[in-house]
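Below is run.csv, which holds CSV, C-alpha atoms and all ligand atoms.
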chain,number,residue,atom,x,y,z
A,1,MET,CA,52.8,-43.2,-100.7
A,2,ASP,CA,52.2,-44.7,-104.1
A,3,LEU,CA,55.8,-44.4,-105.2
A,4,LEU,CA,57.4,-45.6,-101.9
A,5,ASN,CA,60.8,-47.2,-102.5
A,6,LYS,CA,60.9,-46.0,-106.1
A,7,HIS,CA,64.1,-44.3,-107.1
A,8,LEU,CA,63.7,-41.9,-110.0
A,9,VAL,CA,66.1,-39.9,-112.1
A,10,LEU,CA,64.3,-36.7,-113.1
A,11,GLY,CA,66.0,-35.0,-116.1
A,12,LEU,CA,65.3,-31.4,-117.1
A,13,THR,CA,66.2,-30.1,-120.5
A,14,GLY,CA,65.9,-26.5,-121.7
A,15,GLY,CA,62.4,-25.0,-121.8
A,16,ILE,CA,60.1,-22.7,-119.9
A,17,ALA,CA,58.2,-25.7,-118.6
A,18,CYS,CA,61.1,-26.3,-116.2
A,19,TYR,CA,59.1,-24.2,-113.7
A,20,LYS,CA,56.6,-27.0,-113.7
A,21,SER,CA,59.3,-29.5,-112.9
A,22,ALA,CA,59.8,-27.9,-109.5
A,23,GLN,CA,56.2,-28.8,-108.6
A,24,LEU,CA,56.6,-32.2,-110.1
A,25,THR,CA,59.6,-32.9,-107.9
A,26,ARG,CA,57.5,-32.0,-104.9
A,27,LEU,CA,54.7,-34.3,-105.9
A,28,LEU,CA,57.1,-37.2,-106.6
A,29,THR,CA,58.8,-36.9,-103.2
A,30,GLN,CA,55.4,-36.5,-101.4
A,31,ALA,CA,54.4,-39.7,-103.2
A,32,GLY,CA,57.4,-41.4,-101.5
A,33,ALA,CA,59.9,-41.5,-104.4
A,34,THR,CA,63.5,-40.5,-104.1
A,35,VAL,CA,64.3,-38.1,-106.9
A,36,GLN,CA,67.7,-37.6,-108.3
A,37,VAL,CA,67.7,-34.4,-110.5
A,38,VAL,CA,69.9,-34.2,-113.5
A,39,MET,CA,69.8,-30.9,-115.6
A,40,THR,CA,71.2,-30.0,-119.0
A,41,ASP,CA,73.0,-26.7,-119.3
A,42,ALA,CA,70.0,-25.2,-121.1
A,43,ALA,CA,67.7,-26.3,-118.2
A,44,THR,CA,69.8,-24.3,-115.7
A,45,GLN,CA,69.0,-21.2,-117.8
A,46,PHE,CA,65.4,-21.6,-116.8
A,47,ILE,CA,65.5,-22.8,-113.2
A,48,THR,CA,68.5,-23.1,-110.8
A,49,PRO,CA,70.0,-26.3,-109.5
A,50,VAL,CA,69.7,-24.8,-106.0
A,51,THR,CA,65.9,-24.8,-106.4
A,52,MET,CA,65.8,-28.3,-107.6
A,53,GLN,CA,68.2,-29.5,-104.8
A,54,ALA,CA,66.0,-27.9,-102.2
A,55,LEU,CA,62.9,-29.6,-103.5
A,56,SER,CA,64.5,-33.0,-104.1
A,57,GLY,CA,66.6,-33.0,-101.0
A,58,ARG,CA,69.6,-34.3,-103.1
A,59,PRO,CA,72.5,-32.6,-104.9
A,60,VAL,CA,71.8,-31.9,-108.5
A,61,TYR,CA,74.0,-33.2,-111.3
A,62,THR,CA,74.6,-31.1,-114.4
A,63,SER,CA,77.9,-32.3,-115.9
A,64,GLN,CA,79.3,-35.6,-117.1
A,65,TRP,CA,82.6,-34.5,-115.6
A,66,ASP,CA,81.2,-34.2,-112.1
A,67,ALA,CA,83.7,-35.9,-109.8
A,68,ARG,CA,81.4,-36.4,-106.9
A,69,MET,CA,80.8,-40.1,-107.6
A,70,SER,CA,83.7,-42.0,-106.1
A,71,ASN,CA,84.5,-43.7,-109.3
A,72,ASN,CA,83.9,-40.6,-111.4
A,73,MET,CA,81.2,-42.5,-113.3
A,74,ALA,CA,78.1,-40.3,-112.8
A,75,HIS,CA,77.0,-41.0,-116.4
A,76,ILE,CA,76.6,-44.7,-115.5
A,77,ASP,CA,76.0,-44.9,-111.8
A,78,LEU,CA,73.1,-42.4,-111.5
A,79,SER,CA,70.9,-44.5,-113.7
A,80,ARG,CA,71.9,-47.9,-112.3
A,81,ALA,CA,70.1,-47.3,-109.1
A,82,ALA,CA,67.0,-46.0,-110.8
A,83,ASP,CA,63.6,-47.6,-111.4
A,84,ALA,CA,63.0,-45.2,-114.2
A,85,ILE,CA,64.3,-42.0,-115.8
A,86,ILE,CA,61.8,-39.3,-116.4
A,87,ILE,CA,62.7,-36.4,-118.6
A,88,ALA,CA,60.4,-33.4,-118.1
A,89,PRO,CA,60.5,-31.2,-119.9
A,90,THR,CA,62.0,-32.9,-123.0
A,91,SER,CA,62.9,-30.3,-125.7
A,92,ALA,CA,62.7,-30.9,-129.4
A,93,ASP,CA,66.5,-30.9,-129.5
A,94,PHE,CA,66.7,-33.5,-126.7
A,95,ILE,CA,64.1,-35.8,-128.5
A,96,ALA,CA,66.3,-35.6,-131.6
A,97,LYS,CA,69.3,-36.5,-129.4
A,98,LEU,CA,67.5,-39.5,-128.0
A,99,VAL,CA,66.5,-40.7,-131.4
A,100,HIS,CA,70.1,-40.5,-132.7
A,101,GLY,CA,71.7,-41.9,-129.6
A,102,LEU,CA,73.9,-38.8,-129.0
A,103,ALA,CA,75.7,-38.7,-125.8
A,104,ASP,CA,77.3,-35.3,-125.4
A,105,ASP,CA,76.1,-34.3,-122.0
A,106,LEU,CA,75.3,-36.1,-118.7
A,107,LEU,CA,71.6,-36.6,-119.3
A,108,SER,CA,71.9,-37.9,-122.9
A,109,THR,CA,74.7,-40.2,-121.7
A,110,LEU,CA,72.5,-41.5,-118.9
A,111,ALA,CA,69.7,-42.1,-121.3
A,112,ILE,CA,71.7,-44.1,-123.8
A,113,GLY,CA,73.4,-46.1,-121.0
A,114,ARG,CA,70.3,-46.8,-119.0
A,115,THR,CA,69.1,-50.3,-118.0
A,116,CYS,CA,65.7,-48.9,-116.7
A,117,PRO,CA,62.6,-47.6,-118.6
A,118,LEU,CA,62.6,-44.0,-119.9
A,119,LEU,CA,59.6,-41.7,-119.8
A,120,VAL,CA,59.6,-38.4,-121.6
A,121,ALA,CA,57.2,-35.4,-121.3
A,122,PRO,CA,57.8,-33.2,-124.4
A,123,ALA,CA,57.4,-29.4,-124.1
A,124,MET,CA,57.9,-27.1,-127.0
A,125,ASN,CA,56.3,-24.4,-129.2
A,126,GLN,CA,53.4,-25.8,-131.2
A,127,GLN,CA,55.1,-25.3,-134.6
A,128,MET,CA,58.2,-27.1,-133.3
A,129,TRP,CA,55.9,-30.0,-132.2
A,130,GLN,CA,54.2,-30.1,-135.6
A,131,ASN,CA,57.4,-30.0,-137.6
A,132,PRO,CA,57.8,-33.2,-139.6
A,133,ALA,CA,61.2,-33.8,-138.1
A,134,THR,CA,59.8,-33.8,-134.6
A,135,GLN,CA,56.9,-36.1,-135.6
A,136,ARG,CA,59.4,-38.5,-137.3
A,137,ASN,CA,61.5,-38.5,-134.2
A,138,LEU,CA,58.4,-39.1,-132.1
A,139,ALA,CA,57.6,-42.2,-134.1
A,140,GLN,CA,61.1,-43.4,-133.4
A,141,LEU,CA,60.7,-42.9,-129.7
A,142,HIS,CA,57.6,-45.1,-129.8
A,143,ALA,CA,59.5,-47.7,-131.8
A,144,ASP,CA,62.3,-47.6,-129.2
A,145,LYS,CA,59.7,-48.3,-126.4
A,146,ILE,CA,60.3,-44.9,-124.8
A,147,LEU,CA,57.0,-43.8,-123.1
A,148,VAL,CA,55.9,-40.4,-124.3
A,149,LEU,CA,53.6,-38.5,-121.8
A,150,GLY,CA,51.5,-35.8,-123.5
A,151,PRO,CA,52.0,-33.2,-124.7
A,152,ASP,CA,49.0,-31.1,-123.8
A,153,ALA,CA,47.4,-28.6,-126.1
A,154,GLY,CA,46.4,-25.0,-125.2
A,155,SER,CA,47.9,-21.6,-124.7
A,156,GLN,CA,51.7,-21.5,-124.7
A,157,ALA,CA,54.3,-19.2,-123.0
A,158,CYS,CA,55.3,-17.8,-126.4
A,159,GLY,CA,51.7,-16.5,-126.9
A,160,GLU,CA,50.7,-19.1,-129.5
A,161,THR,CA,48.1,-21.8,-129.0
A,162,GLY,CA,48.3,-25.4,-130.0
A,163,ALA,CA,49.8,-28.8,-129.0
A,164,GLY,CA,53.2,-28.8,-127.3
A,165,ARG,CA,52.6,-27.7,-123.7
A,166,MET,CA,54.1,-30.0,-121.1
A,167,LEU,CA,51.5,-32.0,-119.2
A,168,GLU,CA,50.6,-30.6,-115.8
A,169,PRO,CA,52.7,-32.0,-113.0
A,170,THR,CA,49.7,-33.8,-111.5
A,171,ALA,CA,49.1,-35.5,-114.9
A,172,ILE,CA,52.8,-36.6,-115.1
A,173,LEU,CA,52.6,-37.9,-111.5
A,174,ASP,CA,49.5,-39.9,-112.4
A,175,ALA,CA,51.2,-41.3,-115.5
A,176,ILE,CA,54.2,-42.4,-113.5
A,177,MET,CA,52.0,-44.0,-110.9
A,178,ALA,CA,50.1,-45.8,-113.6
A,179,PHE,CA,53.4,-47.0,-115.2
A,180,PHE,CA,54.4,-48.7,-112.0
A,181,GLN,CA,51.1,-50.4,-111.4
A,182,PRO,CA,50.9,-54.2,-112.2
A,183,LYS,CA,48.4,-54.6,-115.1
A,184,LEU,CA,46.1,-56.9,-113.2
A,185,LEU,CA,43.0,-56.0,-115.3
A,186,ALA,CA,44.7,-55.8,-118.7
A,187,GLY,CA,42.1,-55.9,-121.5
A,188,LYS,CA,39.1,-56.0,-119.0
A,189,ARG,CA,36.1,-53.7,-119.6
A,190,VAL,CA,35.1,-52.1,-116.3
A,191,LEU,CA,32.0,-50.1,-115.7
A,192,ILE,CA,31.8,-48.0,-112.6
A,193,THR,CA,29.0,-45.8,-111.1
A,194,ALA,CA,30.1,-43.0,-108.8
A,195,GLY,CA,28.9,-40.0,-106.8
A,196,PRO,CA,25.4,-39.1,-105.7
A,197,THR,CA,22.3,-38.9,-107.8
A,198,TYR,CA,20.0,-35.8,-108.0
A,199,GLU,CA,16.3,-36.2,-108.1
A,200,PRO,CA,14.5,-33.0,-109.0
A,201,ILE,CA,11.5,-31.8,-107.1
A,202,ASP,CA,11.0,-28.7,-109.1
A,203,PRO,CA,13.3,-26.7,-111.5
A,204,VAL,CA,15.4,-25.4,-108.6
A,205,ARG,CA,15.2,-28.0,-105.9
A,206,GLY,CA,16.0,-31.6,-105.6
A,207,LEU,CA,17.0,-34.6,-103.4
A,208,THR,CA,20.6,-35.7,-103.2
A,209,ASN,CA,23.0,-37.1,-100.7
A,210,ARG,CA,26.4,-36.5,-99.2
A,211,SER,CA,28.4,-38.8,-101.5
A,212,SER,CA,31.4,-36.9,-102.9
A,213,GLY,CA,32.3,-39.4,-105.6
A,214,LYS,CA,35.9,-39.6,-104.3
A,215,MET,CA,35.7,-43.4,-103.7
A,216,GLY,CA,34.2,-44.2,-107.1
A,217,PHE,CA,36.6,-41.9,-108.9
A,218,ALA,CA,39.5,-43.5,-107.0
A,219,VAL,CA,38.3,-46.9,-108.1
A,220,ALA,CA,38.1,-45.7,-111.7
A,221,ARG,CA,41.6,-44.4,-111.6
A,222,ALA,CA,43.0,-47.6,-110.0
A,223,ALA,CA,41.2,-49.7,-112.6
A,224,ALA,CA,42.7,-47.6,-115.4
A,225,HIS,CA,46.1,-47.8,-113.9
A,226,SER,CA,45.8,-51.6,-113.8
A,227,GLY,CA,45.2,-51.7,-117.6
A,228,ALA,CA,41.4,-51.9,-117.8
A,229,GLN,CA,39.2,-50.0,-120.2
A,230,VAL,CA,37.2,-47.9,-117.8
A,231,ARG,CA,33.8,-46.2,-118.3
A,232,LEU,CA,32.6,-44.1,-115.4
A,233,ILE,CA,28.9,-43.1,-115.0
A,234,ALA,CA,29.0,-40.2,-112.6
A,235,GLY,CA,26.3,-38.4,-110.7
A,236,PRO,CA,26.8,-34.6,-110.1
A,237,THR,CA,30.3,-34.1,-108.7
A,238,PRO,CA,33.0,-31.5,-109.5
A,239,LEU,CA,35.8,-34.1,-109.5
A,240,ALA,CA,38.1,-34.3,-112.5
A,241,THR,CA,38.0,-37.3,-114.8
A,242,PRO,CA,40.9,-39.7,-114.2
A,243,ALA,CA,43.3,-40.0,-117.2
A,244,GLY,CA,42.2,-42.6,-119.7
A,245,VAL,CA,38.7,-43.0,-118.3
A,246,ILE,CA,35.6,-42.4,-120.4
A,247,ARG,CA,33.0,-40.5,-118.4
A,248,ASP,CA,29.2,-40.1,-118.8
A,249,ASP,CA,27.5,-37.5,-116.5
A,250,VAL,CA,24.0,-38.2,-115.3
A,251,GLN,CA,21.7,-36.6,-112.8
A,252,THR,CA,19.0,-39.0,-111.8
A,253,ALA,CA,18.9,-42.7,-110.7
A,254,GLN,CA,16.9,-43.6,-113.8
A,255,GLN,CA,19.5,-41.9,-116.1
A,256,MET,CA,22.2,-43.7,-114.3
A,257,CYS,CA,20.4,-47.0,-114.8
A,258,ASP,CA,19.8,-46.3,-118.5
A,259,ALA,CA,23.5,-45.4,-119.0
A,260,VAL,CA,24.6,-48.6,-117.2
A,261,MET,CA,22.2,-50.8,-119.1
A,262,ALA,CA,23.4,-49.4,-122.4
A,263,GLU,CA,26.9,-50.6,-121.6
A,264,ILE,CA,26.4,-53.7,-119.6
A,265,ALA,CA,26.6,-56.2,-122.5
A,266,GLU,CA,30.1,-54.9,-123.2
A,267,THR,CA,31.2,-55.1,-119.5
A,268,ASP,CA,33.4,-57.7,-117.7
A,269,ILE,CA,33.3,-56.1,-114.3
A,270,PHE,CA,30.6,-53.8,-112.8
A,271,ILE,CA,31.5,-51.8,-109.7
A,272,ALA,CA,28.5,-49.9,-108.2
A,273,VAL,CA,30.0,-47.3,-106.0
A,274,ALA,CA,27.4,-44.6,-106.5
A,275,ALA,CA,25.1,-43.6,-103.7
A,276,VAL,CA,21.9,-43.9,-105.7
A,277,SER,CA,18.7,-42.3,-104.4
A,278,ASP,CA,16.3,-45.1,-103.5
A,279,TRP,CA,13.3,-42.8,-104.2
A,280,ARG,CA,12.2,-40.0,-106.5
A,281,VAL,CA,9.4,-37.6,-106.3
A,282,ASP,CA,6.4,-38.9,-108.2
A,283,GLN,CA,5.3,-35.7,-109.9
A,284,VAL,CA,8.1,-33.2,-110.6
A,285,SER,CA,6.7,-29.7,-110.6
A,286,MET,CA,7.4,-27.8,-113.9
A,287,GLU,CA,7.4,-24.6,-112.0
A,288,LYS,CA,9.1,-23.6,-108.7
A,289,ILE,CA,6.9,-24.6,-105.9
A,290,LYS,CA,6.0,-21.4,-104.1
A,291,LYS,CA,4.9,-20.7,-100.5
A,292,ASN,CA,1.2,-20.2,-100.7
A,293,GLY,CA,1.0,-17.8,-97.7
A,294,GLU,CA,-0.7,-20.5,-95.6
A,295,ALA,CA,1.0,-22.6,-93.0
A,296,ILE,CA,0.6,-25.8,-95.1
A,297,ALA,CA,3.9,-27.3,-96.3
A,298,PRO,CA,3.8,-29.1,-99.6
A,299,ARG,CA,3.5,-32.9,-99.5
A,300,PHE,CA,5.3,-35.3,-101.9
A,301,THR,CA,4.6,-38.8,-102.9
A,302,PHE,CA,7.7,-40.9,-103.7
A,303,VAL,CA,8.2,-43.8,-106.0
A,304,GLU,CA,11.0,-46.3,-105.8
A,305,ASN,CA,14.0,-46.0,-108.2
A,306,PRO,CA,15.4,-49.1,-109.9
A,307,ASP,CA,18.1,-50.8,-108.0
A,308,ILE,CA,20.8,-50.8,-110.6
A,309,LEU,CA,23.2,-53.2,-109.0
A,310,ARG,CA,20.4,-55.7,-108.2
A,311,LEU,CA,19.2,-55.5,-111.8
A,312,VAL,CA,22.6,-56.1,-113.3
A,313,ALA,CA,23.5,-58.9,-110.8
A,314,HIS,CA,20.3,-60.7,-111.8
A,315,LEU,CA,20.9,-60.6,-115.5
A,316,PRO,CA,21.1,-64.0,-117.1
A,317,LYS,CA,24.8,-63.5,-117.8
A,318,PRO,CA,26.0,-60.8,-115.4
A,319,PRO,CA,29.5,-59.3,-115.3
A,320,PHE,CA,31.5,-59.8,-112.2
A,321,CYS,CA,29.6,-57.5,-109.8
A,322,VAL,CA,30.9,-55.5,-106.9
A,323,GLY,CA,28.6,-53.5,-104.6
A,324,PHE,CA,29.3,-50.9,-101.9
A,325,ALA,CA,27.1,-50.5,-98.9
A,326,ALA,CA,27.1,-47.6,-96.5
A,327,GLU,CA,25.5,-48.6,-93.2
A,328,SER,CA,24.9,-46.4,-90.2
A,329,GLU,CA,25.2,-49.3,-87.7
A,330,GLU,CA,25.7,-53.1,-87.4
A,331,LEU,CA,27.9,-53.3,-90.5
A,332,GLU,CA,28.7,-57.0,-90.1
A,333,LYS,CA,25.1,-58.1,-90.0
A,334,HIS,CA,23.8,-55.8,-92.8
A,335,GLY,CA,26.8,-56.3,-95.1
A,336,GLN,CA,26.4,-60.0,-95.6
A,337,GLU,CA,22.6,-59.8,-95.8
A,338,LYS,CA,22.9,-57.1,-98.5
A,339,ARG,CA,25.4,-59.1,-100.5
A,340,LEU,CA,23.1,-62.0,-100.7
A,341,ARG,CA,20.0,-59.9,-101.4
A,342,LYS,CA,21.9,-58.1,-104.2
A,343,ASN,CA,23.3,-61.4,-105.5
A,344,VAL,CA,26.9,-60.1,-105.8
A,345,PRO,CA,30.1,-62.1,-105.2
A,346,LEU,CA,31.8,-59.1,-103.4
A,347,LEU,CA,30.4,-56.3,-101.3
A,348,VAL,CA,32.4,-53.5,-99.8
A,349,GLY,CA,30.8,-52.3,-96.6
A,350,ASN,CA,31.6,-49.1,-94.6
A,351,LEU,CA,30.0,-46.9,-92.0
A,352,GLY,CA,28.6,-44.2,-94.3
A,353,PRO,CA,28.9,-41.2,-92.0
A,354,LYS,CA,32.6,-41.9,-91.6
A,355,ALA,CA,33.2,-42.3,-95.3
A,356,PHE,CA,31.2,-39.7,-97.2
A,357,GLY,CA,33.3,-36.8,-98.3
A,358,TYR,CA,36.5,-37.9,-96.5
A,359,ASP,CA,39.8,-38.8,-98.2
A,360,ASP,CA,40.2,-42.0,-96.4
A,361,ASN,CA,37.9,-44.9,-95.5
A,362,GLU,CA,37.7,-48.1,-93.5
A,363,VAL,CA,35.9,-50.9,-95.1
A,364,THR,CA,35.0,-54.6,-94.6
A,365,LEU,CA,34.9,-56.9,-97.6
A,366,PHE,CA,32.0,-59.4,-97.6
A,367,ASP,CA,32.1,-62.5,-99.9
A,368,ALA,CA,31.1,-66.1,-99.8
A,369,THR,CA,33.9,-66.9,-97.3
A,370,GLY,CA,32.8,-64.3,-94.8
A,371,ALA,CA,33.9,-60.8,-93.7
A,372,THR,CA,37.4,-59.4,-93.9
A,373,PRO,CA,37.9,-56.0,-92.3
A,374,LEU,CA,40.7,-53.9,-93.9
A,375,PRO,CA,42.7,-51.2,-92.1
A,376,ARG,CA,41.8,-47.5,-92.5
A,377,MET,CA,43.6,-46.1,-95.6
A,378,ASP,CA,43.3,-43.3,-98.1
A,379,LYS,CA,40.7,-43.9,-100.8
A,380,GLN,CA,43.3,-44.3,-103.6
A,381,ALA,CA,45.2,-47.0,-101.7
A,382,LEU,CA,41.9,-48.7,-100.9
A,383,ALA,CA,40.9,-48.5,-104.5
A,384,ARG,CA,44.1,-50.3,-105.5
A,385,THR,CA,43.5,-53.0,-102.9
A,386,LEU,CA,40.0,-53.5,-104.2
A,387,ILE,CA,41.3,-53.9,-107.8
A,388,ALA,CA,43.8,-56.5,-106.6
A,389,GLU,CA,41.0,-58.3,-104.7
A,390,ILE,CA,38.8,-58.3,-107.8
A,391,ALA,CA,41.6,-59.5,-110.1
A,392,GLN,CA,42.4,-62.3,-107.7
A,393,ARG,CA,38.7,-63.5,-107.7
A,394,LEU,CA,38.6,-63.3,-111.5
A,395,THR,CA,41.7,-65.5,-111.8
A,396,VAL,CA,40.1,-68.1,-109.5
A,397,LYS,CA,36.8,-67.9,-111.5
A,398,ASP,CA,38.6,-68.1,-114.9
B,401,LIG,O1,20.7,-51.0,-100.9
B,401,LIG,P1,21.8,-50.0,-100.8
B,401,LIG,O2,21.5,-48.7,-101.4
B,401,LIG,O3,22.5,-49.9,-99.5
B,401,LIG,O4,22.9,-50.7,-101.8
B,401,LIG,C1,24.1,-50.1,-102.1
B,401,LIG,C2,24.7,-50.7,-103.3
B,401,LIG,O5,23.7,-50.8,-104.3
B,401,LIG,C3,25.7,-49.8,-103.9
B,401,LIG,O6,26.7,-50.6,-104.6
B,401,LIG,C4,24.9,-48.9,-104.9
B,401,LIG,O7,25.7,-48.3,-105.9
B,401,LIG,C5,23.9,-49.9,-105.4
B,401,LIG,N1,22.6,-49.3,-105.7
B,401,LIG,C6,22.2,-49.2,-107.0
B,401,LIG,N2,20.9,-48.7,-107.3
B,401,LIG,C7,20.1,-48.3,-106.3
B,401,LIG,C8,20.6,-48.4,-105.0
B,401,LIG,C9,21.8,-48.9,-104.7
B,401,LIG,O8,22.9,-49.6,-107.9
B,401,LIG,N3,18.9,-47.8,-106.6

Would you write the structure of this file as structure tokens?
Amino acid sequence: MDLLNKHLVLGLTGGIACYKSAQLTRLLTQAGATVQVVMTDAATQFITPVTMQALSGRPVYTSQWDARMSNNMAHIDLSRAADAIIIAPTSADFIAKLVHGLADDLLSTLAIGRTCPLLVAPAMNQQMWQNPATQRNLAQLHADKILVLGPDAGSQACGETGAGRMLEPTAILDAIMAFFQPKLLAGKRVLITAGPTYEPIDPVRGLTNRSSGKMGFAVARAAAHSGAQVRLIAGPTPLATPAGVIRDDVQTAQQMCDAVMAEIAETDIFIAVAAVSDWRVDQVSMEKIKKNGEAIAPRFTFVENPDILRLVAHLPKPPFCVGFAAESEELEKHGQEKRLRKNVPLLVGNLGPKAFGYDDNEVTLFDATGATPLPRMDKQALARTLIAEIAQRLTVKD
């Protein structure tokens, strides 16, 4: 419930992307926000107020002459209770209106009379987007501290291809959540490892583990939301890269180690979430290992992989290091031991079989003061809690 207690005015202007705003409304309410929909006349040509009312659970406003407000002041009152106004889609025409301060319908009047932040998600044909008039207007929106989300590039409903598509609803939701997050790590450079590693045995087989990457990706997203510059070194995982995060994909522990070491001098905070394979096969076969018709299974010798976290934490000038530890039993005992062995100020311990692949997690934080168990929560909420814990420790250290 990332947007719990947030009250949002969601404005829709005329454009085919209005169909995406139905989904956006759903996502916003699921995230805990109350959503007051306001539509321009043109928007009602694309999607009905009935649909938007059903999804938001509130009556929709379309006219500045709407008398439902007791004082007949919908154009003022609707935005006074809001934490933000989001206009998605925002047409080229409406951008021009915002720039010139026109107030000839309910939504434009709300925008000019607002006391809260305004976020806009433009949506228009690529030629309309490229037009110098739109680009001039866009520069003015930036100057007026209106947050512009997107647009995306790609195929458009009109059959053309280019920049101007409205961001997908999930990306708009992400940007709104980021907007409301306190910027606890503003300006900090954060390096994160995530996911499993894959150690080949031959060209078609290898060793890996059950890590999904969800926790590490959630930490990367939370760090980006808190204003950090985030680089994510990811083992094999199909997860999408969080917005604003730079991602390097690797396969093996050695590749992950090399990628980390290449960045570490430019890093303020290193968070090792990856489940790194402790061993690799000594001699990787160049060809697929075949059954030889006899009952003798192949035998492998293993060599130890570098312990990336340990290496980083033992550098002469290490960044602030955070480790994760998945234990199968006696978390309390092993967690503190591991923190000291790895030489990290903060270690996040969990019971691995109950964490790998799931959307939620229950962890204990280990630091010099002892062990602090946290309640079970979804990985995104946990990631945010962790970022706050790190930020607090950095402030104490600074
Ligand atoms: O020793 P263990 O594998 O339980 O330690 C877990 C922590 O160490 C995690 O933060 C993990 O990302 C990190 N690690 C590492 N390189 C390894 C093994 C673990 O960075 N080779």

- Message: Could you list, as an MDAnalysis selection string, all residues that come within 6 Å of ligand LIG 401 (chain B)? Count only C-alpha atoms and all ligand atoms.
- Response: chainID A and resid 272:278 305:309 323:326

- Query: Using all atoms listed in the file, which residues sit within 12 Å of His100 in chain A once same-chain residues fewer than 6 positions away are excluded, as JSON, numbers by chain?
  - Reply: {"A": [93, 94, 108, 109, 111, 112, 136, 137, 138, 140, 141, 144]}

- Message: Calculated over only C-alpha atoms, which of the candidates A:Leu346, A:Ala178, A:Cys116, A:Ile289 has the smallest distance to Ile86 in chain A?
- Response: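 The closest residue to Ile86 in chain A is A:Cys116.
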
- Find the spatial neighbours of Arg231 in chain A, counting only C-alpha atoms, within a cut-off of 8 Å - ignore same-chain residues fewer than 2 positions away - and output them as a count of residues only. 11

- Query: Expressed in Å to a single decimal, how great is the separation between CA of Tyr19 in chain A and CA of Ala74 in chain A?
  - Reply: 24.9 Å

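Using all atoms listed in the file, the smallest distance between any of A:Gly335, A:Phe179, A:Ile269, A:Gln126 and Glu160 in chain A comes from A:Gln126.
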
- May I ask for the distance between CA of Ser63 in chain A and CA of His142 in chain A, given in Å to one decimal place? 27.7 Å

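Using all atoms listed in the file, the residues found no farther than 10 Å from Gln64 in chain A, other than those of its own chain fewer than 4 positions away, are Asn72, Met73, Ala74, His75, Ile76, Ala103, Asp104, Asp105, Leu106, Leu107, Ser108, Thr109 and Leu110 of chain A.
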
Which residues are close to Val204 in chain A, i.e. within 10 Å by all atoms listed in the file, leaving aside same-chain residues fewer than 3 positions away? Reply as a compact mmCIF listing (two decimals) with C-alpha atoms, in the coordinates of the input.
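Below is the file part-v5.txt, written as the result:
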# COMPACT_ATOMS: atom_id res chain seq x y z
CA PRO A 200 14.50 -33.00 -109.00
CA ILE A 201 11.50 -31.80 -107.10
CA SER A 285 6.70 -29.70 -110.60
CA MET A 286 7.40 -27.80 -113.90
CA GLU A 287 7.40 -24.60 -112.00
CA LYS A 288 9.10 -23.60 -108.70
CA ILE A 289 6.90 -24.60 -105.90

- Message: I'd like the interatomic distance between CA of Gln23 in chain A and CA of Leu8 in chain A, to a tenth of an Å.
- Response: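 Interatomic distance, CA of Gln23 in chain A to CA of Leu8 in chain A: 15.2 Å.
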